[in-house]
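Containing compact mmCIF, C-alpha atoms and all ligand atoms: my_file.txt.
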# COMPACT_ATOMS: atom_id res chain seq x y z
CA MET R 1 107.20 74.88 102.31
CA ASN R 2 110.50 73.79 103.87
CA ASN R 3 110.99 77.24 105.45
CA LEU R 4 107.82 76.70 107.52
CA PHE R 5 109.65 74.04 109.52
CA ASP R 6 113.04 75.79 109.63
CA LEU R 7 114.19 76.56 113.20
CA THR R 8 117.42 78.30 112.20
CA GLY R 9 118.20 81.16 114.58
CA LYS R 10 115.85 79.86 117.28
CA ILE R 11 117.01 79.01 120.80
CA ALA R 12 115.34 76.04 122.47
CA LEU R 13 115.37 75.02 126.13
CA ILE R 14 114.46 71.39 126.80
CA THR R 15 114.02 70.49 130.43
CA GLY R 16 115.30 67.02 131.24
CA GLY R 17 116.90 67.05 127.80
CA ALA R 18 119.94 64.88 128.57
CA HIS R 19 118.39 61.54 127.66
CA SER R 20 115.34 59.64 126.39
CA ILE R 21 112.49 61.69 124.87
CA GLY R 22 114.05 65.07 125.75
CA PHE R 23 117.33 64.12 124.08
CA ALA R 24 115.59 62.83 120.93
CA LEU R 25 113.62 66.07 120.68
CA GLY R 26 116.80 68.08 121.21
CA VAL R 27 118.60 66.34 118.36
CA GLY R 28 115.52 66.70 116.14
CA LEU R 29 115.07 70.41 116.84
CA ALA R 30 118.81 70.92 116.26
CA GLN R 31 118.58 69.14 112.90
CA ALA R 32 115.83 71.63 112.03
CA GLY R 33 118.26 74.46 112.86
CA ALA R 34 117.63 75.29 116.53
CA VAL R 35 120.33 75.97 119.13
CA ILE R 36 119.76 73.49 121.98
CA CYS R 37 119.96 74.25 125.69
CA PHE R 38 119.01 71.61 128.24
CA ASN R 39 118.98 71.19 131.99
CA CYS R 40 119.28 68.15 134.15
CA SER R 41 119.53 67.43 137.85
CA ASN R 42 123.28 66.76 138.28
CA PRO R 43 126.67 67.48 136.64
CA GLU R 44 127.23 63.82 135.67
CA SER R 45 123.97 63.68 133.71
CA ARG R 46 124.76 67.05 132.12
CA ASP R 47 128.20 65.85 130.99
CA ARG R 48 126.77 62.58 129.66
CA GLY R 49 124.14 64.60 127.83
CA LEU R 50 126.67 66.97 126.29
CA ALA R 51 128.73 63.99 125.09
CA ALA R 52 125.63 62.33 123.62
CA TYR R 53 124.63 65.50 121.77
CA ARG R 54 128.22 65.88 120.48
CA GLU R 55 128.11 62.28 119.33
CA ALA R 56 124.93 63.16 117.42
CA GLY R 57 126.68 66.15 115.85
CA VAL R 58 124.99 68.75 118.06
CA GLU R 59 126.94 71.34 120.12
CA ALA R 60 124.38 71.77 122.93
CA HIS R 61 124.48 73.97 126.03
CA GLY R 62 123.97 71.92 129.21
CA TYR R 63 122.99 73.26 132.64
CA VAL R 64 122.34 71.79 136.09
CA ALA R 65 119.13 73.18 137.60
CA ASP R 66 116.25 71.85 139.67
CA VAL R 67 113.13 72.73 137.66
CA THR R 68 110.98 72.66 140.81
CA ASP R 69 113.05 75.48 142.36
CA GLU R 70 111.78 78.86 141.12
CA GLU R 71 114.99 80.75 142.03
CA ALA R 72 117.15 78.11 140.33
CA VAL R 73 114.95 78.31 137.22
CA ARG R 74 115.11 82.11 137.13
CA ALA R 75 118.92 81.89 137.38
CA LEU R 76 118.98 79.23 134.62
CA VAL R 77 116.93 81.34 132.22
CA GLU R 78 119.06 84.41 133.01
CA GLN R 79 122.28 82.43 132.41
CA ILE R 80 120.98 81.11 129.09
CA GLN R 81 119.97 84.62 128.07
CA GLN R 82 123.47 85.86 128.89
CA GLU R 83 125.37 82.97 127.30
CA VAL R 84 123.15 81.97 124.36
CA GLY R 85 120.25 84.36 123.94
CA VAL R 86 116.53 84.79 124.67
CA ILE R 87 114.65 81.47 124.61
CA ASP R 88 112.29 81.12 121.62
CA ILE R 89 111.15 77.52 122.22
CA LEU R 90 110.52 75.85 125.58
CA VAL R 91 109.93 72.10 125.80
CA ASN R 92 108.67 71.19 129.28
CA ASN R 93 109.82 67.59 129.12
CA ALA R 94 111.30 66.82 132.56
CA GLY R 95 109.05 64.34 134.33
CA VAL R 96 108.86 61.54 136.84
CA ILE R 97 106.38 58.74 137.45
CA LYS R 98 105.68 56.59 140.50
CA ARG R 99 103.61 53.48 139.84
CA ILE R 100 102.04 52.80 143.24
CA PRO R 101 98.47 51.72 144.10
CA MET R 102 96.66 54.86 145.28
CA LEU R 103 95.96 53.57 148.78
CA GLU R 104 99.71 52.93 149.18
CA THR R 105 100.68 56.31 147.72
CA THR R 106 101.87 58.74 150.38
CA VAL R 107 101.09 62.44 150.17
CA GLU R 108 104.85 62.98 149.72
CA ASP R 109 104.91 60.58 146.74
CA PHE R 110 101.90 62.32 145.20
CA ALA R 111 103.31 65.80 145.80
CA LYS R 112 106.71 64.89 144.34
CA VAL R 113 105.17 63.73 141.05
CA VAL R 114 102.89 66.77 140.83
CA ASP R 115 105.84 69.05 141.68
CA VAL R 116 107.99 67.80 138.79
CA ASP R 117 105.30 67.04 136.23
CA LEU R 118 102.99 70.03 136.75
CA VAL R 119 104.41 72.73 139.05
CA ALA R 120 107.79 72.75 137.27
CA PRO R 121 106.27 73.41 133.81
CA PHE R 122 104.41 76.33 135.43
CA ILE R 123 107.66 77.64 136.98
CA VAL R 124 109.73 77.30 133.81
CA SER R 125 107.00 78.71 131.56
CA LYS R 126 106.63 81.70 133.90
CA ALA R 127 110.39 82.30 133.70
CA VAL R 128 110.63 82.22 129.88
CA LEU R 129 107.37 84.01 128.99
CA PRO R 130 108.65 87.58 129.62
CA GLY R 131 111.43 87.09 127.07
CA MET R 132 108.99 85.64 124.54
CA ILE R 133 106.54 88.51 125.09
CA ALA R 134 109.36 91.04 124.59
CA LYS R 135 110.31 89.26 121.34
CA GLY R 136 106.73 89.20 120.15
CA ARG R 137 106.70 85.44 119.61
CA GLY R 138 107.31 82.14 121.40
CA LYS R 139 106.59 78.43 121.41
CA ILE R 140 105.91 76.35 124.50
CA ILE R 141 105.52 72.58 124.12
CA ASN R 142 104.39 70.62 127.17
CA ILE R 143 105.06 66.89 127.15
CA CYS R 144 101.71 65.61 128.31
CA SER R 145 100.66 61.98 128.20
CA MET R 146 97.88 59.60 127.32
CA MET R 147 97.29 59.96 131.05
CA SER R 148 96.20 63.51 130.29
CA GLU R 149 93.04 61.77 129.00
CA LEU R 150 92.90 58.33 130.62
CA GLY R 151 93.57 56.86 134.03
CA ARG R 152 94.87 53.48 134.96
CA GLU R 153 95.73 51.68 138.18
CA THR R 154 98.86 52.81 140.07
CA VAL R 155 99.41 56.15 138.32
CA SER R 156 97.06 58.46 140.26
CA ALA R 157 99.66 61.19 140.83
CA TYR R 158 101.04 61.02 137.29
CA ALA R 159 97.56 61.13 135.68
CA ALA R 160 96.49 64.01 137.93
CA ALA R 161 99.65 65.94 137.02
CA LYS R 162 99.46 65.21 133.28
CA GLY R 163 95.75 66.08 133.26
CA GLY R 164 96.65 69.35 134.93
CA LEU R 165 99.43 69.92 132.41
CA LYS R 166 96.84 69.63 129.60
CA MET R 167 94.82 72.42 131.22
CA LEU R 168 97.91 74.52 131.99
CA THR R 169 98.69 74.24 128.26
CA ARG R 170 95.24 75.57 127.41
CA ASN R 171 95.56 78.34 129.99
CA ILE R 172 98.92 79.57 128.69
CA CYS R 173 97.34 79.54 125.22
CA SER R 174 94.43 81.61 126.55
CA GLU R 175 96.52 84.14 128.45
CA PHE R 176 99.37 84.63 125.93
CA GLY R 177 97.95 83.82 122.50
CA GLY R 178 97.49 87.54 122.03
CA ALA R 179 101.26 87.99 122.45
CA ASN R 180 101.81 85.59 119.52
CA ILE R 181 102.83 82.78 121.85
CA GLN R 182 101.64 79.30 120.97
CA CYS R 183 101.49 76.76 123.79
CA ASN R 184 100.64 73.21 122.79
CA GLY R 185 101.17 69.74 124.17
CA ILE R 186 102.51 66.49 122.82
CA GLY R 187 100.80 63.43 124.26
CA PRO R 188 103.09 60.41 123.75
CA GLY R 189 101.43 57.04 123.61
CA TYR R 190 103.32 54.05 124.93
CA ILE R 191 106.92 54.77 123.93
CA ALA R 192 109.81 52.31 124.33
CA THR R 193 111.96 54.21 126.83
CA GLN R 194 113.71 53.48 130.15
CA GLN R 195 110.58 54.83 131.89
CA THR R 196 108.38 52.15 130.32
CA GLU R 197 110.95 49.35 130.49
CA PRO R 198 109.22 47.78 133.54
CA LEU R 199 106.00 47.51 131.49
CA ARG R 200 107.43 45.62 128.54
CA CYS R 201 110.51 43.69 129.68
CA ARG R 202 110.64 39.97 128.81
CA GLN R 203 109.34 37.67 131.53
CA PRO R 204 111.72 35.15 133.22
CA ASP R 205 110.37 32.42 130.93
CA GLY R 206 111.12 34.59 127.89
CA SER R 207 107.46 35.40 127.19
CA ARG R 208 106.16 38.88 126.50
CA HIS R 209 105.23 41.06 129.50
CA PRO R 210 101.41 40.94 129.94
CA PHE R 211 101.29 44.76 129.74
CA ASP R 212 103.29 44.62 126.51
CA GLN R 213 100.71 42.27 124.99
CA PHE R 214 97.91 44.50 126.32
CA ILE R 215 99.36 47.65 124.73
CA LEU R 216 99.94 45.91 121.41
CA SER R 217 96.27 44.84 121.41
CA LYS R 218 95.17 48.41 122.15
CA THR R 219 97.41 50.14 119.60
CA PRO R 220 96.25 50.12 115.94
CA ALA R 221 99.91 50.57 114.88
CA GLY R 222 100.57 47.24 116.62
CA ARG R 223 103.84 48.46 118.12
CA TRP R 224 105.28 50.62 120.89
CA GLY R 225 106.34 54.08 119.78
CA THR R 226 109.95 55.19 119.62
CA THR R 227 111.35 58.56 120.68
CA ASP R 228 111.96 59.28 116.98
CA ASP R 229 108.17 59.16 116.43
CA LEU R 230 107.91 62.29 118.57
CA VAL R 231 110.45 64.41 116.67
CA GLY R 232 108.33 65.46 113.67
CA PRO R 233 105.41 66.59 115.86
CA ALA R 234 107.84 68.58 118.05
CA VAL R 235 109.44 70.30 115.04
CA PHE R 236 105.94 71.14 113.77
CA LEU R 237 104.85 72.66 117.10
CA ALA R 238 108.17 74.52 117.48
CA SER R 239 108.02 76.02 113.96
CA ASP R 240 106.11 78.66 112.01
CA ALA R 241 104.07 75.81 110.55
CA SER R 242 101.99 75.84 113.76
CA ASN R 243 101.57 79.60 114.25
CA PHE R 244 97.76 79.27 114.30
CA VAL R 245 97.73 76.08 116.39
CA ASN R 246 97.27 76.90 120.08
CA GLY R 247 96.09 75.07 123.17
CA HIS R 248 96.15 71.76 121.31
CA ILE R 249 97.37 68.43 122.66
CA LEU R 250 98.82 66.46 119.75
CA TYR R 251 98.62 62.78 120.66
CA VAL R 252 101.43 60.75 119.13
CA ASP R 253 100.12 57.37 120.18
CA GLY R 254 99.77 55.09 117.16
CA GLY R 255 96.00 55.51 117.41
CA ILE R 256 95.54 54.02 120.86
CA LEU R 257 93.21 56.77 122.09
CA ALA R 258 90.93 56.23 119.08
CA TYR R 259 90.67 52.45 119.40
CA ILE R 260 88.53 50.20 121.62
CA GLY R 261 91.16 47.48 121.29
CA LYS R 262 91.51 44.19 119.44
CA GLN R 263 88.92 41.58 120.38
CA PRO R 264 90.72 38.91 122.48
C1 LIG R 301 102.24 54.00 132.38
C2 LIG R 301 103.18 54.61 131.35
C3 LIG R 301 102.52 55.77 130.63
C4 LIG R 301 103.45 56.29 129.57
C5 LIG R 301 102.99 57.55 128.92
C6 LIG R 301 101.74 57.32 128.17
O1 LIG R 301 102.72 53.66 133.48
O2 LIG R 301 101.05 53.89 132.05
O3 LIG R 301 104.38 55.05 131.97
O4 LIG R 301 102.19 56.75 131.58
O5 LIG R 301 104.69 56.58 130.12
O6 LIG R 301 102.86 58.57 129.86
O7 LIG R 301 101.39 58.54 127.54
Go through the file and emit its structure as structure tokens.
Amino acid sequence: MNNLFDLTGKIALITGGAHSIGFALGVGLAQAGAVICFNCSNPESRDRGLAAYREAGVEAHGYVADVTDEEAVRALVEQIQQEVGVIDILVNNAGVIKRIPMLETTVEDFAKVVDVDLVAPFIVSKAVLPGMIAKGRGKIINICSMMSELGRETVSAYAAAKGGLKMLTRNICSEFGGANIQCNGIGPGYIATQQTEPLRCRQPDGSRHPFDQFILSKTPAGRWGTTDDLVGPAVFLASDASNFVNGHILYVDGGILAYIGKQP
């Protein structure tokens, strides 16, 4: 049974893998045996990421590349293939969010979020698929969101992008399942990260943030998730244990999507 989850000999690329969810997934996939490559947007972040992986006992390969730039992504994949090997596992994790009421959201704001959260996974997937097809196998994991299913005020661009990422996941499944490539998504619930800090930070009077209280009332687990909660699902979707799972969005949300919420 253990061999089903063994990633020894596999090469993983995690976009935005220098910190937060991407970093946690990188360490987790490494602990399952994978060789970890990650990109980020600047040399300082790359160096911090490499130091953090080393601190966690992982000798990762870090690269600076803009995932929205197709030429830069092609060069990144080529460099990884030269220096490390053909990518077996792609985690499209890099993402941004802008929390702005829709009527105050500019087209530029909207386009920027869609560019990073939806167009970039298309670009990076397109760059790694030929190598996977040549190998006769591959795993693509798209970091979706609860906003792939639900909307809420101020996240119109993010929800549109993450909804699109759900359908891109299903389309890659449809087009490349026959090449033994599995493309699935992970849909994190509300996870305690820097990105959600503004939603749960203590109020000036020391009380809980209203959104924090709201999420706790909507989550059967009664807590925010941690990045570690996402590692097991990622190892599963990156491993042979999921070879007949395709086009699926695995929600790791403490049950929030299944629950109407605690009666006030
Ligand atoms: C928000 C949050 C969410 C979470 C996550 C949920 O503003 O509602 O940032 O979008 O980050 O995406 O799955």
Please report, as a Markdown table, each residue of stretch 78-158 of chain R lying at most 10 Å from stretch 178-196 of chain R, together with the nearest pair of atoms and the separation in Å rounded to one decimal; use all atoms listed in the file, and order rows by chain and ascending residue number.
| residue | atom | partner | partner_atom | distance |
| --- | --- | --- | --- | --- |
| R:Asp88 | CA | R:Ile181 | CA | 9.6 |
| R:Ile89 | CA | R:Gln182 | CA | 9.8 |
| R:Leu90 | CA | R:Cys183 | CA | 9.3 |
| R:Val91 | CA | R:Gly185 | CA | 9.2 |
| R:Asn92 | CA | R:Gly185 | CA | 9.2 |
| R:Asn93 | CA | R:Ile186 | CA | 9.7 |
| R:Gly95 | CA | R:Gln195 | CA | 9.9 |
| R:Val96 | CA | R:Gln195 | CA | 8.5 |
| R:Ile97 | CA | R:Gln195 | CA | 8.0 |
| R:Ser125 | CA | R:Cys183 | CA | 9.7 |
| R:Leu129 | CA | R:Ile181 | CA | 8.6 |
| R:Met132 | CA | R:Ile181 | CA | 7.3 |
| R:Ile133 | CA | R:Ala179 | CA | 5.9 |
| R:Ala134 | CA | R:Ala179 | CA | 8.9 |
| R:Lys135 | CA | R:Ala179 | CA | 9.2 |
| R:Gly136 | CA | R:Ala179 | CA | 6.1 |
| R:Arg137 | CA | R:Asn180 | CA | 4.9 |
| R:Gly138 | CA | R:Ile181 | CA | 4.5 |
| R:Lys139 | CA | R:Gln182 | CA | 5.0 |
| R:Ile140 | CA | R:Cys183 | CA | 4.5 |
| R:Ile141 | CA | R:Asn184 | CA | 5.1 |
| R:Asn142 | CA | R:Gly185 | CA | 4.5 |
| R:Ile143 | CA | R:Ile186 | CA | 5.0 |
| R:Cys144 | CA | R:Gly187 | CA | 4.7 |
| R:Ser145 | CA | R:Gly187 | CA | 4.2 |
| R:Met146 | CA | R:Gly187 | CA | 5.7 |
| R:Met147 | CA | R:Gly187 | CA | 8.4 |
| R:Ser148 | CA | R:Gly187 | CA | 7.6 |
| R:Glu149 | CA | R:Gly187 | CA | 9.2 |
Would you output that residue set with C-alpha atoms, as a JSON list (two decimals), in the frame of the given file?
[["chain", "number", "residue", "atom", "x", "y", "z"],
["R", 88, "ASP", "CA", 112.29, 81.12, 121.62],
["R", 89, "ILE", "CA", 111.15, 77.52, 122.22],
["R", 90, "LEU", "CA", 110.52, 75.85, 125.58],
["R", 91, "VAL", "CA", 109.93, 72.10, 125.80],
["R", 92, "ASN", "CA", 108.67, 71.19, 129.28],
["R", 93, "ASN", "CA", 109.82, 67.59, 129.12],
["R", 95, "GLY", "CA", 109.05, 64.34, 134.33],
["R", 96, "VAL", "CA", 108.86, 61.54, 136.84],
["R", 97, "ILE", "CA", 106.38, 58.74, 137.45],
["R", 125, "SER", "CA", 107.00, 78.71, 131.56],
["R", 129, "LEU", "CA", 107.37, 84.01, 128.99],
["R", 132, "MET", "CA", 108.99, 85.64, 124.54],
["R", 133, "ILE", "CA", 106.54, 88.51, 125.09],
["R", 134, "ALA", "CA", 109.36, 91.04, 124.59],
["R", 135, "LYS", "CA", 110.31, 89.26, 121.34],
["R", 136, "GLY", "CA", 106.73, 89.20, 120.15],
["R", 137, "ARG", "CA", 106.70, 85.44, 119.61],
["R", 138, "GLY", "CA", 107.31, 82.14, 121.40],
["R", 139, "LYS", "CA", 106.59, 78.43, 121.41],
["R", 140, "ILE", "CA", 105.91, 76.35, 124.50],
["R", 141, "ILE", "CA", 105.52, 72.58, 124.12],
["R", 142, "ASN", "CA", 104.39, 70.62, 127.17],
["R", 143, "ILE", "CA", 105.06, 66.89, 127.15],
["R", 144, "CYS", "CA", 101.71, 65.61, 128.31],
["R", 145, "SER", "CA", 100.66, 61.98, 128.20],
["R", 146, "MET", "CA", 97.88, 59.60, 127.32],
["R", 147, "MET", "CA", 97.29, 59.96, 131.05],
["R", 148, "SER", "CA", 96.20, 63.51, 130.29],
["R", 149, "GLU", "CA", 93.04, 61.77, 129.00]]
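Proximity to R:Gly9 was assessed for R:Leu29, R:Arg200, R:Ile249, R:Arg46 counting only C-alpha atoms; the smallest distance is recorded for R:Leu29.
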Using all atoms of stretch 201-204 of chain R that appear in the file, construct an axis-aligned enclosing box with 3 Å of padding on every side and provide its centre coordinates and edge lengths in Å, rounded to one decimal, as lines of an AutoDock Vina configuration file.
center_x = 110.5
center_y = 39.4
center_z = 131.0
size_x = 8.4
size_y = 14.5
size_z = 10.4
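Atom CA of R:Pro101 to atom CA of R:Val155 spans 7.3 Å [interatomic distance, one decimal].
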| query | Of the candidates R:Ala161, R:Ala34, R:Ile21, R:Val67, which one gets nearest to R:Ser239 if we count only C-alpha atoms? | reply | R:Ala34
| request: Select, from R:Asn42, R:Thr154, R:Gln203, R:Asn171, the residue with the minimum atom-to-atom distance to ligand LIG 301 (chain R), counting only C-alpha atoms and all ligand atoms. | output: R:Thr154
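If you look at atom CA of R:Gly33 and atom CA of R:Ala241, they are 14.4 Å away from each other.
With all atoms listed in the file as the atoms that count, the residue of R:Phe176, R:Trp224, R:Tyr53, R:Tyr158 with the shortest distance to ligand LIG 301 (chain R) is R:Tyr158.
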| If we count only C-alpha atoms, what is near R:Gln81 at a cut-off of 12 Å, once residues fewer than 2 positions away on the same chain are taken out, given as a ChimeraX atom specification? | /R:11-13,37,61,74-79,83-88,127-128,130-132
Please write a file for stretch 21-108 of chain R, taken from the block I just shared, that holds C-alpha atoms and is laid out as a PDB file, in the first residue's frame.
ATOM      1  CA  ILE R  21       0.538  26.662   0.550  1.00  0.00           C
ATOM      2  CA  GLY R  22       3.012  26.046  -2.302  1.00  0.00           C
ATOM      3  CA  PHE R  23       5.899  25.643   0.137  1.00  0.00           C
ATOM      4  CA  ALA R  24       3.935  23.270   2.394  1.00  0.00           C
ATOM      5  CA  LEU R  25       3.028  21.145  -0.625  1.00  0.00           C
ATOM      6  CA  GLY R  26       6.656  21.180  -1.778  1.00  0.00           C
ATOM      7  CA  VAL R  27       7.917  19.889   1.556  1.00  0.00           C
ATOM      8  CA  GLY R  28       5.148  17.278   1.654  1.00  0.00           C
ATOM      9  CA  LEU R  29       5.809  16.004  -1.868  1.00  0.00           C
ATOM     10  CA  ALA R  30       9.544  15.908  -1.076  1.00  0.00           C
ATOM     11  CA  GLN R  31       8.879  13.851   2.056  1.00  0.00           C
ATOM     12  CA  ALA R  32       7.014  11.411  -0.217  1.00  0.00           C
ATOM     13  CA  GLY R  33      10.156  11.180  -2.382  1.00  0.00           C
ATOM     14  CA  ALA R  34       9.712  13.818  -5.106  1.00  0.00           C
ATOM     15  CA  VAL R  35      12.430  16.187  -6.334  1.00  0.00           C
ATOM     16  CA  ILE R  36      11.071  19.731  -5.896  1.00  0.00           C
ATOM     17  CA  CYS R  37      11.389  22.583  -8.381  1.00  0.00           C
ATOM     18  CA  PHE R  38       9.636  25.877  -7.756  1.00  0.00           C
ATOM     19  CA  ASN R  39       9.392  29.292  -9.340  1.00  0.00           C
ATOM     20  CA  CYS R  40       8.711  32.673  -7.876  1.00  0.00           C
ATOM     21  CA  SER R  41       8.647  36.235  -9.125  1.00  0.00           C
ATOM     22  CA  ASN R  42      12.005  37.585  -7.882  1.00  0.00           C
ATOM     23  CA  PRO R  43      15.499  36.416  -6.800  1.00  0.00           C
ATOM     24  CA  GLU R  44      14.971  37.452  -3.159  1.00  0.00           C
ATOM     25  CA  SER R  45      11.867  35.276  -2.833  1.00  0.00           C
ATOM     26  CA  ARG R  46      13.667  32.416  -4.588  1.00  0.00           C
ATOM     27  CA  ASP R  47      16.618  32.621  -2.187  1.00  0.00           C
ATOM     28  CA  ARG R  48      14.309  32.819   0.839  1.00  0.00           C
ATOM     29  CA  GLY R  49      12.444  29.817  -0.525  1.00  0.00           C
ATOM     30  CA  LEU R  50      15.606  27.792  -1.066  1.00  0.00           C
ATOM     31  CA  ALA R  51      16.713  28.563   2.501  1.00  0.00           C
ATOM     32  CA  ALA R  52      13.302  27.563   3.872  1.00  0.00           C
ATOM     33  CA  TYR R  53      13.341  24.266   1.970  1.00  0.00           C
ATOM     34  CA  ARG R  54      16.912  23.608   3.195  1.00  0.00           C
ATOM     35  CA  GLU R  55      15.757  24.340   6.723  1.00  0.00           C
ATOM     36  CA  ALA R  56      13.033  21.727   6.199  1.00  0.00           C
ATOM     37  CA  GLY R  57      15.640  19.228   4.972  1.00  0.00           C
ATOM     38  CA  VAL R  58      14.741  19.574   1.283  1.00  0.00           C
ATOM     39  CA  GLU R  59      17.327  20.427  -1.431  1.00  0.00           C
ATOM     40  CA  ALA R  60      14.943  22.184  -3.848  1.00  0.00           C
ATOM     41  CA  HIS R  61      15.615  23.797  -7.223  1.00  0.00           C
ATOM     42  CA  GLY R  62      14.436  27.427  -7.304  1.00  0.00           C
ATOM     43  CA  TYR R  63      13.817  29.550 -10.400  1.00  0.00           C
ATOM     44  CA  VAL R  64      12.667  33.109 -11.122  1.00  0.00           C
ATOM     45  CA  ALA R  65       9.980  33.166 -13.822  1.00  0.00           C
ATOM     46  CA  ASP R  66       6.788  35.083 -14.499  1.00  0.00           C
ATOM     47  CA  VAL R  67       4.126  32.387 -14.948  1.00  0.00           C
ATOM     48  CA  THR R  68       1.972  34.757 -17.032  1.00  0.00           C
ATOM     49  CA  ASP R  69       4.744  35.082 -19.645  1.00  0.00           C
ATOM     50  CA  GLU R  70       4.582  32.161 -22.099  1.00  0.00           C
ATOM     51  CA  GLU R  71       8.182  32.586 -23.337  1.00  0.00           C
ATOM     52  CA  ALA R  72       9.498  32.776 -19.766  1.00  0.00           C
ATOM     53  CA  VAL R  73       7.540  29.629 -18.868  1.00  0.00           C
ATOM     54  CA  ARG R  74       8.827  27.738 -21.906  1.00  0.00           C
ATOM     55  CA  ALA R  75      12.387  28.724 -20.921  1.00  0.00           C
ATOM     56  CA  LEU R  76      11.722  27.662 -17.305  1.00  0.00           C
ATOM     57  CA  VAL R  77      10.458  24.216 -18.310  1.00  0.00           C
ATOM     58  CA  GLU R  78      13.384  23.785 -20.721  1.00  0.00           C
ATOM     59  CA  GLN R  79      15.876  24.792 -17.999  1.00  0.00           C
ATOM     60  CA  ILE R  80      14.331  22.347 -15.525  1.00  0.00           C
ATOM     61  CA  GLN R  81      14.435  19.603 -18.130  1.00  0.00           C
ATOM     62  CA  GLN R  82      18.132  20.318 -18.725  1.00  0.00           C
ATOM     63  CA  GLU R  83      19.115  20.680 -15.059  1.00  0.00           C
ATOM     64  CA  VAL R  84      16.777  18.257 -13.270  1.00  0.00           C
ATOM     65  CA  GLY R  85      14.732  16.238 -15.735  1.00  0.00           C
ATOM     66  CA  VAL R  86      11.295  16.006 -17.369  1.00  0.00           C
ATOM     67  CA  ILE R  87       8.516  17.230 -15.061  1.00  0.00           C
ATOM     68  CA  ASP R  88       6.232  14.436 -13.811  1.00  0.00           C
ATOM     69  CA  ILE R  89       4.055  16.489 -11.439  1.00  0.00           C
ATOM     70  CA  LEU R  90       2.867  20.064 -11.945  1.00  0.00           C
ATOM     71  CA  VAL R  91       1.186  21.968  -9.117  1.00  0.00           C
ATOM     72  CA  ASN R  92      -0.382  25.174 -10.459  1.00  0.00           C
ATOM     73  CA  ASN R  93      -0.357  26.983  -7.137  1.00  0.00           C
ATOM     74  CA  ALA R  94       0.737  30.559  -7.907  1.00  0.00           C
ATOM     75  CA  GLY R  95      -2.189  32.890  -7.329  1.00  0.00           C
ATOM     76  CA  VAL R  96      -3.272  36.362  -6.362  1.00  0.00           C
ATOM     77  CA  ILE R  97      -6.484  37.810  -4.971  1.00  0.00           C
ATOM     78  CA  LYS R  98      -7.873  41.339  -4.949  1.00  0.00           C
ATOM     79  CA  ARG R  99     -10.759  41.926  -2.554  1.00  0.00           C
ATOM     80  CA  ILE R 100     -12.545  44.897  -4.125  1.00  0.00           C
ATOM     81  CA  PRO R 101     -16.299  45.527  -4.548  1.00  0.00           C
ATOM     82  CA  MET R 102     -17.117  44.710  -8.174  1.00  0.00           C
ATOM     83  CA  LEU R 103     -18.251  48.210  -9.085  1.00  0.00           C
ATOM     84  CA  GLU R 104     -14.881  49.519  -7.856  1.00  0.00           C
ATOM     85  CA  THR R 105     -12.909  46.798  -9.642  1.00  0.00           C
ATOM     86  CA  THR R 106     -11.113  48.114 -12.715  1.00  0.00           C
ATOM     87  CA  VAL R 107     -10.752  46.010 -15.843  1.00  0.00           C
ATOM     88  CA  GLU R 108      -6.994  46.011 -15.140  1.00  0.00           C
TER      89      GLU R 108
END
